[in-house]
>>> print(open('run-v5.csv').read())   # CSV, C-alpha atoms
chain,number,residue,atom,x,y,z
A,17,LEU,CA,85.6,61.2,-64.7
A,18,SER,CA,83.6,60.1,-67.8
A,19,LEU,CA,86.6,60.4,-70.1
A,20,LYS,CA,87.8,56.9,-69.0
A,21,GLY,CA,91.4,58.0,-69.3
A,22,LYS,CA,94.3,58.0,-66.9
A,23,GLY,CA,96.1,61.0,-65.6
A,24,TRP,CA,95.6,64.8,-66.3
A,25,LYS,CA,96.4,64.4,-70.0
A,26,SER,CA,93.1,62.6,-70.4
A,27,TYR,CA,91.3,65.9,-69.7
A,28,LEU,CA,93.2,67.6,-72.6
A,29,TYR,CA,92.9,64.8,-75.1
A,30,LYS,CA,90.7,61.7,-75.0
A,31,PRO,CA,91.5,59.1,-77.7
A,32,GLN,CA,88.3,57.4,-78.9
A,33,SER,CA,88.0,53.8,-78.0
A,34,LYS,CA,88.3,51.4,-80.9
A,35,ASP,CA,86.3,48.7,-79.2
A,36,LEU,CA,83.0,50.5,-79.4
A,37,PRO,CA,80.3,47.9,-79.9
A,38,PRO,CA,78.8,47.6,-83.4
A,39,MET,CA,75.4,49.1,-84.1
A,40,PRO,CA,73.2,46.8,-86.2
A,41,PRO,CA,72.3,48.0,-89.7
A,42,ALA,CA,69.5,50.5,-90.0
A,43,ALA,CA,66.1,48.8,-90.2
A,44,LYS,CA,62.5,49.7,-90.0
A,45,ARG,CA,61.7,48.6,-86.5
A,46,LYS,CA,59.3,49.6,-83.7
A,47,MET,CA,60.5,52.6,-81.9
A,48,GLY,CA,61.3,52.0,-78.3
A,49,THR,CA,63.3,48.8,-78.8
A,50,VAL,CA,66.9,49.6,-77.7
A,51,SER,CA,69.4,48.2,-80.2
A,52,PRO,CA,72.0,45.7,-78.9
A,53,GLY,CA,74.8,48.1,-79.8
A,54,ALA,CA,73.3,51.0,-77.9
A,55,ARG,CA,72.5,48.8,-75.0
A,56,GLU,CA,76.2,48.0,-74.8
A,57,LEU,CA,77.1,51.7,-75.0
A,58,ILE,CA,74.9,52.5,-72.1
A,59,ARG,CA,76.1,49.5,-70.0
A,60,GLY,CA,79.8,50.4,-70.6
A,61,GLY,CA,79.4,54.1,-70.1
A,62,TYR,CA,81.0,55.0,-73.4
A,63,ARG,CA,80.9,58.5,-74.7
A,64,ILE,CA,79.1,59.1,-78.0
A,65,PRO,CA,81.5,60.5,-80.6
A,66,LEU,CA,78.8,62.0,-82.7
A,67,LEU,CA,77.1,63.8,-79.8
A,68,ASP,CA,80.5,65.1,-78.6
A,69,THR,CA,81.3,66.4,-82.1
A,70,LEU,CA,78.0,68.2,-82.3
A,71,ARG,CA,78.5,69.7,-78.9
A,72,GLY,CA,81.9,70.9,-79.9
A,73,PHE,CA,80.4,72.5,-83.0
A,74,ALA,CA,77.8,74.3,-80.9
A,75,VAL,CA,80.6,75.6,-78.5
A,76,VAL,CA,82.5,77.1,-81.5
A,77,LEU,CA,79.3,78.8,-82.8
A,78,MET,CA,78.6,80.3,-79.3
A,79,LEU,CA,82.2,81.5,-79.1
A,80,PHE,CA,82.0,83.3,-82.4
A,81,TYR,CA,78.6,84.8,-81.4
A,82,THR,CA,80.1,86.1,-78.2
A,83,LEU,CA,83.3,87.4,-79.9
A,84,PHE,CA,81.3,89.3,-82.6
A,85,GLY,CA,79.0,90.7,-79.9
A,86,MET,CA,82.1,92.0,-78.1
A,87,PHE,CA,83.4,93.6,-81.3
A,88,HIS,CA,80.0,95.3,-81.8
A,89,ASP,CA,79.5,96.5,-78.2
A,90,PHE,CA,83.0,97.9,-77.8
A,91,GLY,CA,83.3,99.4,-81.3
A,92,ILE,CA,86.3,97.2,-82.2
A,93,PHE,CA,87.1,97.4,-85.9
A,94,ALA,CA,84.5,100.3,-86.2
A,95,GLY,CA,84.7,102.1,-89.5
A,96,THR,CA,86.4,99.2,-91.3
A,97,GLY,CA,84.8,96.8,-93.8
A,98,PHE,CA,84.9,94.0,-91.3
A,99,GLY,CA,83.4,96.3,-88.6
A,100,ASN,CA,80.5,97.1,-91.0
A,101,VAL,CA,79.8,93.4,-91.5
A,102,VAL,CA,79.8,92.9,-87.7
A,103,SER,CA,77.5,95.8,-87.3
A,104,ILE,CA,75.1,94.3,-89.8
A,105,MET,CA,75.2,90.9,-88.1
A,106,MET,CA,74.9,92.1,-84.5
A,107,GLY,CA,73.3,95.6,-84.7
A,108,HIS,CA,69.7,94.7,-85.4
A,109,GLU,CA,67.2,93.6,-82.8
A,110,GLU,CA,66.0,90.8,-85.0
A,111,ASN,CA,69.5,89.2,-84.8
A,112,ASP,CA,68.9,88.4,-81.2
A,113,TYR,CA,67.1,85.4,-82.5
A,114,TRP,CA,70.5,84.0,-83.6
A,115,ILE,CA,71.1,83.2,-80.0
A,116,TYR,CA,68.0,80.9,-80.0
A,117,MET,CA,69.6,78.8,-82.7
A,118,TYR,CA,72.9,78.3,-80.7
A,119,GLN,CA,71.0,77.7,-77.5
A,120,CYS,CA,68.7,75.3,-79.2
A,121,LEU,CA,71.7,73.2,-80.4
A,122,PHE,CA,72.9,72.8,-76.8
A,123,VAL,CA,69.4,71.8,-75.5
A,124,VAL,CA,68.7,69.4,-78.3
A,125,ILE,CA,72.0,67.6,-77.9
A,126,SER,CA,71.4,67.3,-74.2
A,127,GLY,CA,68.0,65.7,-75.0
A,128,MET,CA,69.7,63.3,-77.4
A,129,SER,CA,72.3,62.4,-74.8
A,130,VAL,CA,70.0,61.6,-72.0
A,131,ASN,CA,68.8,58.5,-73.9
A,132,PHE,CA,72.3,57.0,-73.2
A,133,SER,CA,72.3,57.9,-69.5
A,134,ARG,CA,72.3,55.0,-67.1
A,135,ASN,CA,70.7,57.2,-64.4
A,136,PRO,CA,69.0,60.4,-65.6
A,137,ARG,CA,68.0,61.4,-62.0
A,138,ARG,CA,71.6,61.2,-60.9
A,139,ARG,CA,72.5,63.3,-63.9
A,140,ALA,CA,69.9,65.8,-62.8
A,141,LEU,CA,71.5,66.0,-59.3
A,142,VAL,CA,74.9,66.8,-60.9
A,143,TYR,CA,73.3,69.6,-63.0
A,144,ALA,CA,71.6,70.9,-59.9
A,145,VAL,CA,74.9,71.2,-58.0
A,146,GLY,CA,76.4,73.0,-60.9
A,147,ALA,CA,73.4,75.3,-61.1
A,148,VAL,CA,73.7,76.3,-57.5
A,149,ILE,CA,77.4,77.1,-58.0
A,150,VAL,CA,76.6,79.2,-61.1
A,151,THR,CA,73.9,81.2,-59.2
A,152,VAL,CA,76.3,81.9,-56.2
A,153,LEU,CA,79.2,82.9,-58.4
A,154,SER,CA,77.0,85.2,-60.6
A,155,ALA,CA,75.8,86.9,-57.4
A,156,ILE,CA,79.3,87.4,-56.1
A,157,ILE,CA,80.8,88.6,-59.4
A,158,GLY,CA,78.0,90.9,-60.3
A,159,GLY,CA,76.4,91.9,-63.6
A,160,GLY,CA,73.2,90.1,-62.8
A,161,VAL,CA,72.2,86.9,-61.0
A,162,ILE,CA,71.5,83.8,-63.0
A,163,TRP,CA,68.5,82.4,-61.3
A,164,PHE,CA,67.4,79.9,-64.0
A,165,GLY,CA,70.1,79.3,-66.6
A,166,TYR,CA,71.2,76.4,-68.7
A,167,LEU,CA,72.2,74.1,-65.9
A,168,HIS,CA,69.1,74.9,-63.9
A,169,PHE,CA,66.9,74.0,-66.8
A,170,LEU,CA,68.8,70.8,-67.5
A,171,ALA,CA,68.4,69.7,-63.9
A,172,VAL,CA,64.6,70.1,-64.1
A,173,ALA,CA,64.4,68.5,-67.6
A,174,SER,CA,66.6,65.5,-66.8
A,175,LEU,CA,64.6,64.9,-63.6
A,176,LEU,CA,61.3,65.1,-65.5
A,177,TYR,CA,62.7,62.7,-68.2
A,178,GLY,CA,63.9,60.3,-65.5
A,179,TYR,CA,60.5,59.9,-64.0
A,180,MET,CA,58.8,59.7,-67.4
A,181,HIS,CA,61.3,57.1,-68.5
A,182,ARG,CA,60.5,54.9,-65.5
A,183,ASP,CA,56.8,54.8,-66.6
A,184,GLU,CA,56.4,52.6,-69.7
A,185,GLN,CA,53.3,54.4,-70.9
A,186,MET,CA,54.8,57.9,-70.5
A,187,ASP,CA,58.1,56.8,-72.0
A,188,GLY,CA,56.3,55.4,-75.0
A,189,TRP,CA,55.1,58.9,-75.7
A,190,PHE,CA,58.6,59.8,-77.0
A,191,ASN,CA,58.3,57.0,-79.6
A,192,LYS,CA,55.0,58.3,-81.0
A,193,VAL,CA,55.4,62.1,-81.2
A,194,GLY,CA,57.3,63.4,-84.2
A,195,VAL,CA,60.2,65.8,-83.9
A,196,ALA,CA,58.5,68.3,-86.2
A,197,TRP,CA,55.6,68.7,-83.7
A,198,MET,CA,58.1,69.4,-80.9
A,199,LEU,CA,60.0,72.0,-82.9
A,200,ALA,CA,56.8,73.6,-84.1
A,201,ALA,CA,55.7,73.9,-80.5
A,202,PHE,CA,59.1,75.4,-79.5
A,203,VAL,CA,58.8,78.1,-82.2
A,204,LEU,CA,55.2,79.0,-81.2
A,205,VAL,CA,56.0,79.2,-77.5
A,206,VAL,CA,59.2,81.3,-78.2
A,207,LEU,CA,57.0,83.9,-79.8
A,208,ALA,CA,54.5,83.7,-77.0
A,209,THR,CA,57.0,84.0,-74.2
A,210,ASP,CA,58.7,86.9,-75.9
A,211,SER,CA,55.5,88.9,-76.2
A,212,LEU,CA,53.5,88.0,-73.1
A,213,THR,CA,54.4,89.6,-69.7
A,214,TYR,CA,52.6,90.2,-66.5
A,215,ASP,CA,52.8,92.5,-63.5
A,216,ARG,CA,55.1,91.4,-60.7
A,217,ILE,CA,53.4,89.0,-58.3
A,218,GLY,CA,54.9,88.9,-54.8
A,219,ILE,CA,54.5,88.9,-51.1
A,220,GLY,CA,56.0,92.1,-49.7
A,221,ASN,CA,59.4,92.6,-51.2
A,222,PHE,CA,59.6,88.9,-52.3
A,223,THR,CA,58.8,88.2,-55.9
A,224,LEU,CA,57.3,84.8,-56.6
A,225,PRO,CA,59.7,83.0,-59.0
A,226,LEU,CA,57.1,82.4,-61.7
A,227,PHE,CA,59.7,83.3,-64.3
A,228,VAL,CA,60.9,79.7,-64.2
A,229,THR,CA,57.9,78.9,-66.4
A,230,GLY,CA,59.4,81.0,-69.2
A,231,PHE,CA,56.7,83.7,-68.9
A,232,VAL,CA,58.4,86.6,-67.1
A,233,HIS,CA,57.1,89.6,-65.3
A,234,LYS,CA,57.7,93.2,-66.5
A,235,GLY,CA,61.2,94.4,-65.7
A,236,PHE,CA,62.7,90.9,-65.4
A,237,SER,CA,66.3,90.6,-66.6
A,238,SER,CA,69.0,87.9,-66.4
A,239,PRO,CA,72.3,87.5,-68.1
A,240,GLU,CA,71.4,83.8,-68.9
A,241,PHE,CA,67.8,82.5,-68.9
A,242,TYR,CA,66.3,79.2,-70.0
A,243,GLY,CA,62.7,79.1,-69.0
A,244,PHE,CA,60.9,75.8,-68.8
A,245,PHE,CA,58.8,76.9,-71.7
A,246,PRO,CA,59.8,77.0,-74.5
A,247,TRP,CA,63.0,75.0,-73.9
A,248,ILE,CA,61.3,71.8,-72.7
A,249,PHE,CA,60.0,71.4,-76.3
A,250,ALA,CA,63.5,71.6,-77.7
A,251,TYR,CA,64.8,69.2,-75.1
A,252,PHE,CA,62.0,66.6,-75.8
A,253,GLY,CA,62.7,67.1,-79.5
A,254,GLY,CA,66.3,66.1,-78.8
A,255,VAL,CA,65.0,63.1,-76.8
A,256,ILE,CA,63.0,61.9,-79.8
A,257,LEU,CA,66.0,62.4,-82.2
A,258,GLY,CA,68.2,60.4,-79.7
A,259,ARG,CA,65.7,57.6,-79.9
A,260,TYR,CA,66.5,57.2,-83.6
A,261,LEU,CA,70.1,56.8,-82.7
A,262,ARG,CA,69.6,54.6,-79.7
A,263,ASP,CA,67.1,52.3,-81.4
A,264,GLY,CA,69.3,51.7,-84.6
A,265,VAL,CA,66.8,53.3,-86.9
A,266,ILE,CA,69.4,55.5,-88.7
A,267,MET,CA,72.5,54.3,-90.6
A,268,GLU,CA,74.8,51.7,-89.1
A,269,ASN,CA,77.4,53.0,-86.6
A,270,ALA,CA,76.4,56.6,-87.1
A,271,TYR,CA,77.2,57.3,-83.4
A,272,LYS,CA,80.9,56.7,-84.3
A,273,PHE,CA,81.2,59.7,-86.5
A,274,ARG,CA,83.6,62.2,-85.1
A,275,ILE,CA,85.7,65.3,-86.1
A,276,PRO,CA,89.0,65.2,-84.1
A,277,GLY,CA,89.3,68.4,-82.1
A,278,LEU,CA,85.6,69.3,-82.1
A,279,ASP,CA,84.8,66.1,-80.1
>>> encode(input="run-v5.csv", output="structure tokens")
Amino acid sequence: LSLKGKGWKSYLYKPQSKDLPPMPPAAKRKMGTVSPGARELIRGGYRIPLLDTLRGFAVVLMLFYTLFGMFHDFGIFAGTGFGNVVSIMMGHEENDYWIYMYQCLFVVISGMSVNFSRNPRRRALVYAVGAVIVTVLSAIIGGGVIWFGYLHFLAVASLLYGYMHRDEQMDGWFNKVGVAWMLAAFVLVVLATDSLTYDRIGIGNFTLPLFVTGFVHKGFSSPEFYGFFPWIFAYFGGVILGRYLRDGVIMENAYKFRIPGLD
């Protein structure tokens, strides 16, 4: 519905509007002051070509990661030069950290995008509905239930941002904290959540869902998992990056950059 097109073709190809409002030239200004161009973007519900292009790039990276993982797991091209390259890329435990880079791209872009949302809490509701569908389908299909995946996390993060954004003092926090601090916190908590586990805590056969924090109990497994920690730091890092775009601190009309096909 957000493509602002007509008919089914708009879902296959969405031409970028040429009447996007102009972003004023980059200038050293106080963070937190929404630029006139960005205000018009938000009011008109325009899509942001730059963010769509970055999101498309992240999708392509994830597809390649999944494809190479399939080649490795099923022994496709085994014994060939290409198969050896795939084995080197996907066959070491340390290479699992590659997935963090791809996941981080999605989360950071979502954090940037929420700055242009007219109603973050409504966005959180849409994510929540999608998250419930994902959990139900994963339970039906088998292979592991997704209890707290990407959409579950975005629902919580968007709702939290929505309430913080309504409070002037809390919203001002995003204009004061640097991106480097957020990314440093993300890396540190990634290492902590990977190494610290605890014994199952439950009532009878029911296990308390403490894994949503990001710190999981021994034996926990899920085909897709985005714990609140460390991913909230990546999300907030994206929010701070998005402020530079929203407030006109970076180059003029940077949000118009697009690569046809990826966007």
>>> residues_around(input="run-v5.csv", residues="Trp247 (chain A)", least_positions_apart="3", cutoff="10 Å", atoms="all atoms listed in the file", output="VMD selection string")
chain A and resid 116 119 to 120 123 to 124 166 169 to 170 173 199 201 to 203 205 to 206 229 to 230 242 to 244 250 to 253
>>> write_last_selection(input="run-v5.csv", atoms="C-alpha atoms", output="short mmCIF file (atom, residue, chain, number, x, y, z; two decimals), in the coordinates of the input")
data_model
loop_
_atom_site.label_atom_id
_atom_site.label_comp_id
_atom_site.auth_asym_id
_atom_site.auth_seq_id
_atom_site.Cartn_x
_atom_site.Cartn_y
_atom_site.Cartn_z
CA TYR A 116 68.00 80.90 -80.00
CA GLN A 119 71.00 77.70 -77.50
CA CYS A 120 68.70 75.30 -79.20
CA VAL A 123 69.40 71.80 -75.50
CA VAL A 124 68.70 69.40 -78.30
CA TYR A 166 71.20 76.40 -68.70
CA PHE A 169 66.90 74.00 -66.80
CA LEU A 170 68.80 70.80 -67.50
CA ALA A 173 64.40 68.50 -67.60
CA LEU A 199 60.00 72.00 -82.90
CA ALA A 201 55.70 73.90 -80.50
CA PHE A 202 59.10 75.40 -79.50
CA VAL A 203 58.80 78.10 -82.20
CA VAL A 205 56.00 79.20 -77.50
CA VAL A 206 59.20 81.30 -78.20
CA THR A 229 57.90 78.90 -66.40
CA GLY A 230 59.40 81.00 -69.20
CA TYR A 242 66.30 79.20 -70.00
CA GLY A 243 62.70 79.10 -69.00
CA PHE A 244 60.90 75.80 -68.80
CA ALA A 250 63.50 71.60 -77.70
CA TYR A 251 64.80 69.20 -75.10
CA PHE A 252 62.00 66.60 -75.80
CA GLY A 253 62.70 67.10 -79.50
#
>>> atom_distance(input="run-v5.csv", atom1="CA of Pro65 (chain A)", atom2="CA of Ile149 (chain A)")
28.3 Å
>>> atom_distance(input="run-v5.csv", atom1="CA of Tyr179 (chain A)", atom2="CA of Phe227 (chain A)")
23.4 Å
>>> closest_residue(input="run-v5.csv", among="A:Ala200, A:Leu167, A:Ile162, A:Ala208", to="Phe236 (chain A)", atoms="only C-alpha atoms")
A:Ile162
>>> atom_distance(input="run-v5.csv", atom1="CA of Arg134 (chain A)", atom2="CA of Leu176 (chain A)")
15.0 Å
>>> residues_near_point(input="run-v5.csv", point="(78.6, 67.7, -79.9)", cutoff="12 Å", atoms="all atoms listed in the file", output="mmCIF file with C-alpha atoms, keeping the file's coordinate frame")
data_model
loop_
_atom_site.group_PDB
_atom_site.id
_atom_site.type_symbol
_atom_site.label_atom_id
_atom_site.label_comp_id
_atom_site.auth_asym_id
_atom_site.auth_seq_id
_atom_site.Cartn_x
_atom_site.Cartn_y
_atom_site.Cartn_z
ATOM 1 C CA ARG A 63 80.900 58.500 -74.700
ATOM 2 C CA ILE A 64 79.100 59.100 -78.000
ATOM 3 C CA PRO A 65 81.500 60.500 -80.600
ATOM 4 C CA LEU A 66 78.800 62.000 -82.700
ATOM 5 C CA LEU A 67 77.100 63.800 -79.800
ATOM 6 C CA ASP A 68 80.500 65.100 -78.600
ATOM 7 C CA THR A 69 81.300 66.400 -82.100
ATOM 8 C CA LEU A 70 78.000 68.200 -82.300
ATOM 9 C CA ARG A 71 78.500 69.700 -78.900
ATOM 10 C CA GLY A 72 81.900 70.900 -79.900
ATOM 11 C CA PHE A 73 80.400 72.500 -83.000
ATOM 12 C CA ALA A 74 77.800 74.300 -80.900
ATOM 13 C CA VAL A 75 80.600 75.600 -78.500
ATOM 14 C CA VAL A 76 82.500 77.100 -81.500
ATOM 15 C CA LEU A 77 79.300 78.800 -82.800
ATOM 16 C CA LEU A 121 71.700 73.200 -80.400
ATOM 17 C CA PHE A 122 72.900 72.800 -76.800
ATOM 18 C CA VAL A 123 69.400 71.800 -75.500
ATOM 19 C CA VAL A 124 68.700 69.400 -78.300
ATOM 20 C CA ILE A 125 72.000 67.600 -77.900
ATOM 21 C CA SER A 126 71.400 67.300 -74.200
ATOM 22 C CA GLY A 127 68.000 65.700 -75.000
ATOM 23 C CA MET A 128 69.700 63.300 -77.400
ATOM 24 C CA SER A 129 72.300 62.400 -74.800
ATOM 25 C CA TYR A 271 77.200 57.300 -83.400
ATOM 26 C CA PHE A 273 81.200 59.700 -86.500
ATOM 27 C CA ARG A 274 83.600 62.200 -85.100
ATOM 28 C CA ILE A 275 85.700 65.300 -86.100
ATOM 29 C CA PRO A 276 89.000 65.200 -84.100
ATOM 30 C CA GLY A 277 89.300 68.400 -82.100
ATOM 31 C CA LEU A 278 85.600 69.300 -82.100
ATOM 32 C CA ASP A 279 84.800 66.100 -80.100
#
>>> residues_around(input="run-v5.csv", residues="Thr209 (chain A)", least_positions_apart="2", cutoff="9 Å", atoms="all atoms listed in the file", output="PDB file with C-alpha atoms, in the frame of the given file")
ATOM      1  CA  LEU A 204      55.200  79.000 -81.200  1.00  0.00           C
ATOM      2  CA  VAL A 205      56.000  79.200 -77.500  1.00  0.00           C
ATOM      3  CA  VAL A 206      59.200  81.300 -78.200  1.00  0.00           C
ATOM      4  CA  LEU A 207      57.000  83.900 -79.800  1.00  0.00           C
ATOM      5  CA  SER A 211      55.500  88.900 -76.200  1.00  0.00           C
ATOM      6  CA  LEU A 212      53.500  88.000 -73.100  1.00  0.00           C
ATOM      7  CA  THR A 213      54.400  89.600 -69.700  1.00  0.00           C
ATOM      8  CA  GLY A 230      59.400  81.000 -69.200  1.00  0.00           C
ATOM      9  CA  PHE A 231      56.700  83.700 -68.900  1.00  0.00           C
ATOM     10  CA  VAL A 232      58.400  86.600 -67.100  1.00  0.00           C
ATOM     11  CA  PHE A 245      58.800  76.900 -71.700  1.00  0.00           C
ATOM     12  CA  PRO A 246      59.800  77.000 -74.500  1.00  0.00           C
TER      13      PRO A 246
END
>>> residues_around(input="run-v5.csv", residues="Val145 (chain A)", least_positions_apart="5", cutoff="9 Å", atoms="all atoms listed in the file", output="PyMOL selection string")
chain A and resi 140+150+167+171
>>> residues_around(input="run-v5.csv", residues="Gly48 (chain A)", least_positions_apart="4", cutoff="7 Å", atoms="only C-alpha atoms", output="MDAnalysis selection string")
chainID A and resid 188 191 263
>>> residues_near_point(input="run-v5.csv", point="(55.7, 59.2, -81.7)", cutoff="12 Å", atoms="all atoms listed in the file", output="PDB file with C-alpha atoms, in the coordinates of the input")
ATOM      1  CA  LYS A  46      59.300  49.600 -83.700  1.00  0.00           C
ATOM      2  CA  MET A  47      60.500  52.600 -81.900  1.00  0.00           C
ATOM      3  CA  GLY A  48      61.300  52.000 -78.300  1.00  0.00           C
ATOM      4  CA  MET A 186      54.800  57.900 -70.500  1.00  0.00           C
ATOM      5  CA  ASP A 187      58.100  56.800 -72.000  1.00  0.00           C
ATOM      6  CA  GLY A 188      56.300  55.400 -75.000  1.00  0.00           C
ATOM      7  CA  TRP A 189      55.100  58.900 -75.700  1.00  0.00           C
ATOM      8  CA  PHE A 190      58.600  59.800 -77.000  1.00  0.00           C
ATOM      9  CA  ASN A 191      58.300  57.000 -79.600  1.00  0.00           C
ATOM     10  CA  LYS A 192      55.000  58.300 -81.000  1.00  0.00           C
ATOM     11  CA  VAL A 193      55.400  62.100 -81.200  1.00  0.00           C
ATOM     12  CA  GLY A 194      57.300  63.400 -84.200  1.00  0.00           C
ATOM     13  CA  VAL A 195      60.200  65.800 -83.900  1.00  0.00           C
ATOM     14  CA  ALA A 196      58.500  68.300 -86.200  1.00  0.00           C
ATOM     15  CA  TRP A 197      55.600  68.700 -83.700  1.00  0.00           C
ATOM     16  CA  MET A 198      58.100  69.400 -80.900  1.00  0.00           C
ATOM     17  CA  PHE A 252      62.000  66.600 -75.800  1.00  0.00           C
ATOM     18  CA  GLY A 253      62.700  67.100 -79.500  1.00  0.00           C
ATOM     19  CA  VAL A 255      65.000  63.100 -76.800  1.00  0.00           C
ATOM     20  CA  ILE A 256      63.000  61.900 -79.800  1.00  0.00           C
ATOM     21  CA  LEU A 257      66.000  62.400 -82.200  1.00  0.00           C
ATOM     22  CA  ARG A 259      65.700  57.600 -79.900  1.00  0.00           C
ATOM     23  CA  TYR A 260      66.500  57.200 -83.600  1.00  0.00           C
TER      24      TYR A 260
END
>>> decode(input="run-v5.csv", residues="region 62-84 of chain A", atoms="N, CA and C atoms", output="mmCIF file, in the first residue's frame")
data_model
loop_
_atom_site.group_PDB
_atom_site.id
_atom_site.type_symbol
_atom_site.label_atom_id
_atom_site.label_comp_id
_atom_site.auth_asym_id
_atom_site.auth_seq_id
_atom_site.Cartn_x
_atom_site.Cartn_y
_atom_site.Cartn_z
ATOM 1 N N TYR A 62 6.239 9.632 1.537
ATOM 2 C CA TYR A 62 7.107 9.163 0.460
ATOM 3 C C TYR A 62 8.011 8.032 0.951
ATOM 4 N N ARG A 63 8.378 7.166 0.026
ATOM 5 C CA ARG A 63 9.434 6.195 0.324
ATOM 6 C C ARG A 63 10.772 6.896 0.151
ATOM 7 N N ILE A 64 11.796 6.386 0.850
ATOM 8 C CA ILE A 64 13.130 6.992 0.820
ATOM 9 C C ILE A 64 14.002 6.151 -0.101
ATOM 10 N N PRO A 65 14.342 6.642 -1.301
ATOM 11 C CA PRO A 65 15.106 5.838 -2.268
ATOM 12 C C PRO A 65 16.415 5.294 -1.705
ATOM 13 N N LEU A 66 17.153 6.100 -0.946
ATOM 14 C CA LEU A 66 18.426 5.647 -0.384
ATOM 15 C C LEU A 66 18.236 4.443 0.518
ATOM 16 N N LEU A 67 17.247 4.508 1.409
ATOM 17 C CA LEU A 67 17.014 3.413 2.346
ATOM 18 C C LEU A 67 16.512 2.168 1.625
ATOM 19 N N ASP A 68 15.681 2.354 0.596
ATOM 20 C CA ASP A 68 15.223 1.200 -0.186
ATOM 21 C C ASP A 68 16.385 0.536 -0.917
ATOM 22 N N THR A 69 17.316 1.341 -1.439
ATOM 23 C CA THR A 69 18.484 0.794 -2.130
ATOM 24 C C THR A 69 19.363 0.012 -1.165
ATOM 25 N N LEU A 70 19.605 0.567 0.024
ATOM 26 C CA LEU A 70 20.412 -0.130 1.028
ATOM 27 C C LEU A 70 19.737 -1.427 1.461
ATOM 28 N N ARG A 71 18.417 -1.376 1.590
ATOM 29 C CA ARG A 71 17.681 -2.582 2.001
ATOM 30 C C ARG A 71 17.770 -3.657 0.916
ATOM 31 N N GLY A 72 17.680 -3.246 -0.351
ATOM 32 C CA GLY A 72 17.824 -4.207 -1.441
ATOM 33 C C GLY A 72 19.207 -4.829 -1.464
ATOM 34 N N PHE A 73 20.235 -4.015 -1.198
ATOM 35 C CA PHE A 73 21.605 -4.520 -1.131
ATOM 36 C C PHE A 73 21.744 -5.556 -0.019
ATOM 37 N N ALA A 74 21.123 -5.298 1.131
ATOM 38 C CA ALA A 74 21.177 -6.247 2.240
ATOM 39 C C ALA A 74 20.475 -7.551 1.880
ATOM 40 N N VAL A 75 19.369 -7.458 1.142
ATOM 41 C CA VAL A 75 18.657 -8.665 0.707
ATOM 42 C C VAL A 75 19.540 -9.511 -0.202
ATOM 43 N N VAL A 76 20.245 -8.876 -1.138
ATOM 44 C CA VAL A 76 21.131 -9.603 -2.055
ATOM 45 C C VAL A 76 22.240 -10.308 -1.268
ATOM 46 N N LEU A 77 22.839 -9.624 -0.302
ATOM 47 C CA LEU A 77 23.882 -10.238 0.520
ATOM 48 C C LEU A 77 23.341 -11.452 1.268
ATOM 49 N N MET A 78 22.137 -11.325 1.834
ATOM 50 C CA MET A 78 21.545 -12.435 2.571
ATOM 51 C C MET A 78 21.254 -13.619 1.647
ATOM 52 N N LEU A 79 20.816 -13.336 0.428
ATOM 53 C CA LEU A 79 20.548 -14.412 -0.531
ATOM 54 C C LEU A 79 21.830 -15.173 -0.877
ATOM 55 N N PHE A 80 22.922 -14.432 -1.082
ATOM 56 C CA PHE A 80 24.188 -15.084 -1.379
ATOM 57 C C PHE A 80 24.666 -15.911 -0.192
ATOM 58 N N TYR A 81 24.501 -15.397 1.014
ATOM 59 C CA TYR A 81 24.914 -16.136 2.208
ATOM 60 C C TYR A 81 24.124 -17.444 2.315
ATOM 61 N N THR A 82 22.808 -17.363 2.077
ATOM 62 C CA THR A 82 21.964 -18.554 2.146
ATOM 63 C C THR A 82 22.320 -19.553 1.047
ATOM 64 N N LEU A 83 22.575 -19.049 -0.160
ATOM 65 C CA LEU A 83 22.906 -19.915 -1.288
ATOM 66 C C LEU A 83 24.230 -20.646 -1.050
ATOM 67 N N PHE A 84 25.250 -19.914 -0.612
ATOM 68 C CA PHE A 84 26.550 -20.535 -0.346
ATOM 69 C C PHE A 84 26.446 -21.522 0.812
#
